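Trainee: Sending over input14.pdb (PDB, C-alpha atoms).
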```
ATOM      1  CA  MET A   1      46.305  23.423 -22.418
ATOM      2  CA  GLY A   2      44.459  24.457 -25.570
ATOM      3  CA  LYS A   3      44.461  27.894 -27.169
ATOM      4  CA  ALA A   4      41.500  29.676 -28.712
ATOM      5  CA  ASP A   5      40.897  32.989 -30.473
ATOM      6  CA  LEU A   6      37.178  33.664 -30.249
ATOM      7  CA  HIS A   7      36.930  37.091 -31.905
ATOM      8  CA  ILE A   8      37.901  37.066 -35.593
ATOM      9  CA  HIS A   9      36.333  39.069 -38.421
ATOM     10  CA  SER A  10      36.069  38.031 -42.068
ATOM     11  CA  THR A  11      34.947  39.903 -45.165
ATOM     12  CA  TYR A  12      31.382  39.203 -44.075
ATOM     13  CA  SER A  13      31.976  42.056 -41.621
ATOM     14  CA  TYR A  14      31.886  45.584 -43.019
ATOM     15  CA  ASP A  15      35.377  46.108 -41.583
ATOM     16  CA  GLY A  16      36.889  42.673 -42.227
ATOM     17  CA  THR A  17      39.627  42.200 -44.821
ATOM     18  CA  ALA A  18      40.206  38.427 -45.122
ATOM     19  CA  THR A  19      38.012  35.771 -46.683
ATOM     20  CA  VAL A  20      37.001  32.768 -44.623
ATOM     21  CA  PRO A  21      39.270  30.353 -46.555
ATOM     22  CA  ALA A  22      42.190  32.764 -46.130
ATOM     23  CA  ILE A  23      41.564  32.879 -42.380
ATOM     24  CA  LEU A  24      41.451  29.103 -42.068
ATOM     25  CA  GLU A  25      44.605  28.668 -44.135
ATOM     26  CA  HIS A  26      46.412  31.286 -42.064
ATOM     27  CA  VAL A  27      45.359  29.700 -38.770
ATOM     28  CA  LYS A  28      46.495  26.276 -39.957
ATOM     29  CA  ARG A  29      49.882  27.407 -41.272
ATOM     30  CA  ASN A  30      50.856  30.278 -38.992
ATOM     31  CA  THR A  31      49.338  29.829 -35.525
ATOM     32  CA  ASP A  32      49.202  27.293 -32.702
ATOM     33  CA  LEU A  33      45.496  27.835 -32.107
ATOM     34  CA  ASP A  34      43.346  24.781 -31.418
ATOM     35  CA  VAL A  35      39.962  26.520 -31.643
ATOM     36  CA  ILE A  36      38.765  29.673 -33.384
ATOM     37  CA  ALA A  37      35.469  31.507 -33.731
ATOM     38  CA  ILE A  38      34.426  33.690 -36.644
ATOM     39  CA  THR A  39      32.397  36.527 -35.121
ATOM     40  CA  ASP A  40      31.360  39.003 -37.779
ATOM     41  CA  HIS A  41      29.312  42.062 -36.943
ATOM     42  CA  ASP A  42      25.629  41.043 -36.793
ATOM     43  CA  GLU A  43      26.269  38.415 -39.464
ATOM     44  CA  ILE A  44      26.310  34.614 -39.169
ATOM     45  CA  ASP A  45      27.101  33.540 -42.746
ATOM     46  CA  GLY A  46      30.881  33.808 -42.442
ATOM     47  CA  ALA A  47      30.842  31.646 -39.332
ATOM     48  CA  LEU A  48      28.702  29.010 -41.013
ATOM     49  CA  GLU A  49      31.021  28.969 -44.033
ATOM     50  CA  ALA A  50      33.979  28.486 -41.691
ATOM     51  CA  VAL A  51      32.284  25.589 -39.907
ATOM     52  CA  ALA A  52      31.545  23.912 -43.244
ATOM     53  CA  LEU A  53      35.149  24.310 -44.436
ATOM     54  CA  ALA A  54      36.841  23.517 -41.107
ATOM     55  CA  PRO A  55      37.301  19.735 -41.689
ATOM     56  CA  LYS A  56      39.326  20.462 -44.828
ATOM     57  CA  TYR A  57      41.794  22.414 -42.691
ATOM     58  CA  GLY A  58      41.698  20.161 -39.637
ATOM     59  CA  LEU A  59      40.489  22.996 -37.413
ATOM     60  CA  ALA A  60      37.863  23.349 -34.709
ATOM     61  CA  VAL A  61      35.614  26.307 -35.540
ATOM     62  CA  ILE A  62      32.900  27.680 -33.288
ATOM     63  CA  PRO A  63      30.109  29.528 -35.103
ATOM     64  CA  GLY A  64      29.546  32.959 -33.643
ATOM     65  CA  VAL A  65      28.436  36.555 -34.102
ATOM     66  CA  GLU A  66      29.513  39.869 -32.617
ATOM     67  CA  VAL A  67      26.063  41.183 -31.798
ATOM     68  CA  SER A  68      25.307  44.881 -31.470
ATOM     69  CA  THR A  69      23.147  45.164 -28.356
ATOM     70  CA  ALA A  70      21.594  48.384 -27.100
ATOM     71  CA  GLU A  71      24.347  48.536 -24.443
ATOM     72  CA  GLY A  72      27.360  47.428 -26.504
ATOM     73  CA  HIS A  73      28.886  44.527 -28.404
ATOM     74  CA  LEU A  74      28.476  40.935 -27.237
ATOM     75  CA  LEU A  75      30.107  37.780 -28.600
ATOM     76  CA  ALA A  76      27.506  35.072 -29.170
ATOM     77  CA  LEU A  77      29.201  31.669 -29.512
ATOM     78  CA  PHE A  78      27.897  28.223 -30.476
ATOM     79  CA  VAL A  79      24.991  29.760 -32.396
ATOM     80  CA  THR A  80      23.884  28.775 -35.890
ATOM     81  CA  GLN A  81      21.019  31.198 -36.451
ATOM     82  CA  PRO A  82      21.123  35.011 -36.697
ATOM     83  CA  VAL A  83      20.863  36.907 -33.419
ATOM     84  CA  PRO A  84      18.813  40.131 -33.743
ATOM     85  CA  ALA A  85      20.746  43.358 -33.337
ATOM     86  CA  ASN A  86      19.847  46.345 -31.157
ATOM     87  CA  LEU A  87      17.984  44.418 -28.473
ATOM     88  CA  SER A  88      18.829  45.010 -24.838
ATOM     89  CA  LEU A  89      21.754  43.084 -23.401
ATOM     90  CA  VAL A  90      19.396  40.842 -21.439
ATOM     91  CA  GLU A  91      17.177  40.158 -24.457
ATOM     92  CA  THR A  92      20.220  39.342 -26.564
ATOM     93  CA  VAL A  93      21.555  36.888 -24.001
ATOM     94  CA  GLN A  94      18.136  35.264 -23.851
ATOM     95  CA  CYS A  95      18.110  34.871 -27.659
ATOM     96  CA  VAL A  96      21.511  33.193 -27.506
ATOM     97  CA  ALA A  97      20.344  30.919 -24.695
ATOM     98  CA  GLU A  98      17.432  29.761 -26.840
ATOM     99  CA  GLN A  99      19.988  28.427 -29.333
ATOM    100  CA  GLY A 100      22.021  26.729 -26.626
ATOM    101  CA  GLY A 101      24.839  29.202 -27.093
ATOM    102  CA  ILE A 102      26.986  31.150 -24.666
ATOM    103  CA  CYS A 103      28.030  34.801 -24.460
ATOM    104  CA  VAL A 104      31.230  36.716 -23.824
ATOM    105  CA  GLY A 105      31.263  40.468 -23.266
ATOM    106  CA  ALA A 106      33.410  42.097 -25.970
ATOM    107  CA  HIS A 107      36.016  44.813 -25.197
ATOM    108  CA  PRO A 108      34.223  46.039 -22.042
ATOM    109  CA  GLY A 109      34.904  49.296 -20.260
ATOM    110  CA  GLY A 110      36.081  51.315 -23.238
ATOM    111  CA  PRO A 111      34.981  54.893 -23.907
ATOM    112  CA  TRP A 112      33.136  54.057 -27.109
ATOM    113  CA  ARG A 113      29.399  53.495 -27.380
ATOM    114  CA  TRP A 114      29.959  49.930 -28.600
ATOM    115  CA  CYS A 115      31.752  48.929 -25.378
ATOM    116  CA  LEU A 116      29.758  47.226 -22.637
ATOM    117  CA  GLN A 117      30.060  48.942 -19.271
ATOM    118  CA  GLU A 118      30.330  47.281 -15.880
ATOM    119  CA  LYS A 119      27.029  48.670 -14.599
ATOM    120  CA  ASN A 120      25.152  47.200 -17.587
ATOM    121  CA  LEU A 121      26.849  43.826 -17.214
ATOM    122  CA  ALA A 122      26.218  43.726 -13.471
ATOM    123  CA  CYS A 123      22.567  44.636 -13.944
ATOM    124  CA  ALA A 124      22.090  41.994 -16.641
ATOM    125  CA  LEU A 125      23.694  39.304 -14.506
ATOM    126  CA  GLN A 126      21.070  39.942 -11.828
ATOM    127  CA  THR A 127      18.351  38.904 -14.277
ATOM    128  CA  ARG A 128      17.241  35.312 -13.818
ATOM    129  CA  GLY A 129      19.027  32.915 -16.151
ATOM    130  CA  VAL A 130      21.454  35.420 -17.663
ATOM    131  CA  ALA A 131      24.446  34.167 -15.667
ATOM    132  CA  ASP A 132      23.877  30.691 -17.120
ATOM    133  CA  THR A 133      24.657  32.025 -20.610
ATOM    134  CA  LEU A 134      26.769  35.167 -20.136
ATOM    135  CA  LEU A 135      29.851  33.313 -18.940
ATOM    136  CA  GLY A 136      32.902  35.292 -19.937
ATOM    137  CA  LEU A 137      34.456  38.695 -20.426
ATOM    138  CA  GLU A 138      37.085  39.710 -22.941
ATOM    139  CA  VAL A 139      39.693  40.887 -20.462
ATOM    140  CA  TYR A 140      42.371  41.241 -23.140
ATOM    141  CA  ASN A 141      41.654  42.512 -26.657
ATOM    142  CA  ALA A 142      44.759  42.759 -28.851
ATOM    143  CA  SER A 143      43.162  45.341 -31.161
ATOM    144  CA  LEU A 144      42.559  48.016 -28.544
ATOM    145  CA  PRO A 145      44.891  51.013 -28.830
ATOM    146  CA  HIS A 146      45.064  51.634 -25.075
ATOM    147  CA  LEU A 147      46.332  48.920 -22.712
ATOM    148  CA  GLY A 148      44.597  50.711 -19.860
ATOM    149  CA  ILE A 149      41.256  49.546 -21.252
ATOM    150  CA  ASN A 150      42.401  45.924 -21.006
ATOM    151  CA  ARG A 151      43.518  46.474 -17.417
ATOM    152  CA  LYS A 152      40.101  47.961 -16.675
ATOM    153  CA  ALA A 153      38.396  45.013 -18.381
ATOM    154  CA  ASN A 154      40.423  42.572 -16.311
ATOM    155  CA  ALA A 155      39.321  44.290 -13.113
ATOM    156  CA  ILE A 156      35.689  44.239 -14.237
ATOM    157  CA  GLY A 157      35.925  40.525 -15.006
ATOM    158  CA  GLN A 158      37.307  39.790 -11.556
ATOM    159  CA  ARG A 159      34.617  41.823  -9.804
ATOM    160  CA  LEU A 160      31.856  40.109 -11.782
ATOM    161  CA  ALA A 161      33.460  36.642 -11.445
ATOM    162  CA  LEU A 162      33.278  35.971 -15.182
ATOM    163  CA  ALA A 163      35.577  33.658 -17.116
ATOM    164  CA  GLN A 164      38.683  35.364 -18.495
ATOM    165  CA  VAL A 165      38.888  35.516 -22.274
ATOM    166  CA  GLY A 166      41.679  36.893 -24.449
ATOM    167  CA  ASN A 167      41.076  37.536 -28.155
ATOM    168  CA  SER A 168      42.707  39.206 -31.120
ATOM    169  CA  ASP A 169      39.563  40.925 -32.463
ATOM    170  CA  ALA A 170      41.411  40.452 -35.759
ATOM    171  CA  HIS A 171      40.354  42.400 -38.821
ATOM    172  CA  LEU A 172      43.616  41.550 -40.636
ATOM    173  CA  LEU A 173      45.170  38.111 -41.103
ATOM    174  CA  TRP A 174      48.401  38.861 -39.272
ATOM    175  CA  MET A 175      46.484  39.841 -36.151
ATOM    176  CA  ILE A 176      44.892  36.430 -35.623
ATOM    177  CA  GLY A 177      46.254  34.811 -32.481
ATOM    178  CA  LEU A 178      47.925  37.961 -31.119
ATOM    179  CA  ALA A 179      45.845  37.264 -28.027
ATOM    180  CA  ALA A 180      44.254  33.988 -27.058
ATOM    181  CA  THR A 181      42.344  32.135 -24.372
ATOM    182  CA  GLU A 182      44.014  29.128 -22.752
ATOM    183  CA  PHE A 183      41.842  26.294 -21.471
ATOM    184  CA  PRO A 184      42.148  22.690 -20.261
ATOM    185  CA  GLY A 185      41.775  20.364 -23.251
ATOM    186  CA  LYS A 186      41.917  20.990 -26.991
ATOM    187  CA  THR A 187      38.381  20.902 -28.395
ATOM    188  CA  ALA A 188      35.509  23.352 -28.701
ATOM    189  CA  ALA A 189      33.566  21.237 -26.190
ATOM    190  CA  ASP A 190      36.498  21.458 -23.774
ATOM    191  CA  LEU A 191      36.526  25.235 -24.173
ATOM    192  CA  LYS A 192      32.807  25.486 -23.485
ATOM    193  CA  SER A 193      33.216  23.434 -20.320
ATOM    194  CA  ALA A 194      36.141  25.599 -19.231
ATOM    195  CA  LEU A 195      34.100  28.769 -19.670
ATOM    196  CA  HIS A 196      31.304  27.288 -17.580
ATOM    197  CA  GLY A 197      33.823  26.312 -14.917
ATOM    198  CA  ARG A 198      35.714  29.638 -15.026
ATOM    199  CA  LEU A 199      38.874  27.693 -15.871
ATOM    200  CA  THR A 200      40.130  29.839 -18.747
ATOM    201  CA  THR A 201      43.167  32.123 -18.644
ATOM    202  CA  THR A 202      44.699  34.684 -21.005
TER     203      THR A 202
END
```
Represent the structure contained in this file as structure tokens.
Mentor:
Amino acid sequence: MGKADLHIHSTYSYDGTATVPAILEHVKRNTDLDVIAITDHDEIDGALEAVALAPKYGLAVIPGVEVSTAEGHLLALFVTQPVPANLSLVETVQCVAEQGGICVGAHPGGPWRWCLQEKNLACALQTRGVADTLLGLEVYNASLPHLGINRKANAIGQRLALAQVGNSDAHLLWMIGLAATEFPGKTAADLKSALHGRLTTT
């Protein structure tokens, strides 16, 4: 089984503290992760830098963004172009689909305005084509202060039949890998297939 952390912030995020090279060096030396994604807030440049530098570190890096939608934050993965902020959840998913990317709902069910809620996710998934791109839900986020939110997220993911994803949501180096997604295989392509097949675990 491979391990992936698909929610990591760099200094390209307003609240990130580690540079992209520092993140890659840390992952290589201090974790057992096979795949990572840099997902800065509404910013793609950090992810693209990580992809360019990844061969030097022998790592698999998925380019991504944590997109601010009108209903909450959404992880857009396998994208190489900016994804507009503040669109509806459905419009955001459609933008990601146009790039051939996939989406994972970030830290759902929390009390904050940036947390996607089950009713919004369920409504979006009824829209034609959305379920082909919105594949997973972050059912465990290691940065959340209340474990009850993760339990709620897990229940939401089961009710909506979305792939289970666990992430660190790291804003500090030492947090990377505190939570991870396990999947059959070792590569980014394997992970993508596992998300499509709902074969991931946390």
Trainee: Go through A:Ala131, A:His146, A:Lys152, A:His73 and flag the residue nearest Trp114 in chain A, using only C-alpha atoms for the distances.
Mentor: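 Ranking A:Ala131, A:His146, A:Lys152, A:His73 by distance to Trp114 in chain A, first place goes to A:His73.
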Trainee: Counting all atoms listed in the file, figure out which residue out of A:Tyr57, A:Tyr12, A:Trp112, A:Trp174 gets nearest to Thr39 in chain A.
Mentor: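 Comparing A:Tyr57, A:Tyr12, A:Trp112, A:Trp174 against Thr39 in chain A, the winner is A:Tyr12.
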Trainee: Which residue, A:Glu98, A:Asn86, A:Ser193, A:Glu182, has the smallest gap to Gly2 in chain A when you use only C-alpha atoms?
Mentor: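 When distances to Gly2 in chain A are compared using only C-alpha atoms, the smallest one comes from A:Glu182.
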Trainee: Using only C-alpha atoms for the distances, tell me which of A:Lys56, A:Glu25, A:Gly16, A:Leu144 is nearest to Glu43 in chain A.
Mentor: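 When distances to Glu43 in chain A are compared using only C-alpha atoms, the smallest one comes from A:Gly16.
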Trainee: Provide the CA of Ala18 in chain A to CA of Thr80 in chain A distance in Å, to one decimal place.
Mentor: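 Here the two named atoms are 21.1 Å from each other.
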Trainee: Going by the chain IDs and residue numbers used in this file, which residues fall under the PyMOL selection byres ((chain A and resi 170) around 10)? Write them as a ChimeraX atom specification.
Mentor: /A:5-10,16-18,38-39,141-143,167-169,171-179
Trainee: For range 4-18 of chain A, supply N, CA, C and O atoms and report the output as a JSON list (two decimals), in the frame of the given file.
Mentor:
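The result, stored in result.json:
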```json
[["chain", "number", "residue", "atom", "x", "y", "z"],
["A", 4, "ALA", "N", 42.61, 29.28, -27.86],
["A", 4, "ALA", "CA", 41.50, 29.68, -28.71],
["A", 4, "ALA", "C", 41.51, 31.18, -28.94],
["A", 4, "ALA", "O", 41.85, 31.95, -28.04],
["A", 5, "ASP", "N", 41.15, 31.58, -30.15],
["A", 5, "ASP", "CA", 40.90, 32.99, -30.47],
["A", 5, "ASP", "C", 39.45, 33.07, -30.91],
["A", 5, "ASP", "O", 39.07, 32.55, -31.96],
["A", 6, "LEU", "N", 38.63, 33.70, -30.09],
["A", 6, "LEU", "CA", 37.18, 33.66, -30.25],
["A", 6, "LEU", "C", 36.59, 34.96, -30.80],
["A", 6, "LEU", "O", 35.39, 35.18, -30.69],
["A", 7, "HIS", "N", 37.42, 35.79, -31.40],
["A", 7, "HIS", "CA", 36.93, 37.09, -31.90],
["A", 7, "HIS", "C", 37.71, 37.43, -33.17],
["A", 7, "HIS", "O", 38.72, 38.13, -33.12],
["A", 8, "ILE", "N", 37.24, 36.89, -34.30],
["A", 8, "ILE", "CA", 37.90, 37.07, -35.59],
["A", 8, "ILE", "C", 36.87, 37.52, -36.61],
["A", 8, "ILE", "O", 35.77, 36.95, -36.70],
["A", 9, "HIS", "N", 37.24, 38.53, -37.39],
["A", 9, "HIS", "CA", 36.33, 39.07, -38.42],
["A", 9, "HIS", "C", 36.78, 38.67, -39.82],
["A", 9, "HIS", "O", 37.98, 38.67, -40.12],
["A", 10, "SER", "N", 35.81, 38.34, -40.66],
["A", 10, "SER", "CA", 36.07, 38.03, -42.07],
["A", 10, "SER", "C", 35.47, 39.13, -42.94],
["A", 10, "SER", "O", 34.95, 40.13, -42.45],
["A", 11, "THR", "N", 35.52, 38.93, -44.24],
["A", 11, "THR", "CA", 34.95, 39.90, -45.16],
["A", 11, "THR", "C", 33.43, 39.96, -45.08],
["A", 11, "THR", "O", 32.81, 40.82, -45.72],
["A", 12, "TYR", "N", 32.83, 39.07, -44.31],
["A", 12, "TYR", "CA", 31.38, 39.20, -44.08],
["A", 12, "TYR", "C", 31.09, 40.37, -43.13],
["A", 12, "TYR", "O", 29.94, 40.82, -43.06],
["A", 13, "SER", "N", 32.10, 40.83, -42.41],
["A", 13, "SER", "CA", 31.98, 42.06, -41.62],
["A", 13, "SER", "C", 32.29, 43.25, -42.50],
["A", 13, "SER", "O", 33.15, 43.17, -43.38],
["A", 14, "TYR", "N", 31.63, 44.37, -42.23],
["A", 14, "TYR", "CA", 31.89, 45.58, -43.02],
["A", 14, "TYR", "C", 33.33, 46.06, -42.90],
["A", 14, "TYR", "O", 33.84, 46.75, -43.79],
["A", 15, "ASP", "N", 34.01, 45.66, -41.80],
["A", 15, "ASP", "CA", 35.38, 46.11, -41.58],
["A", 15, "ASP", "C", 36.39, 44.97, -41.63],
["A", 15, "ASP", "O", 37.55, 45.15, -41.27],
["A", 16, "GLY", "N", 35.97, 43.79, -42.09],
["A", 16, "GLY", "CA", 36.89, 42.67, -42.23],
["A", 16, "GLY", "C", 37.63, 42.72, -43.56],
["A", 16, "GLY", "O", 37.13, 43.29, -44.53],
["A", 17, "THR", "N", 38.81, 42.12, -43.61],
["A", 17, "THR", "CA", 39.63, 42.20, -44.82],
["A", 17, "THR", "C", 40.01, 40.84, -45.40],
["A", 17, "THR", "O", 40.54, 40.78, -46.50],
["A", 18, "ALA", "N", 39.78, 39.75, -44.67],
["A", 18, "ALA", "CA", 40.21, 38.43, -45.12],
["A", 18, "ALA", "C", 39.00, 37.53, -45.36],
["A", 18, "ALA", "O", 38.04, 37.54, -44.58]]
```
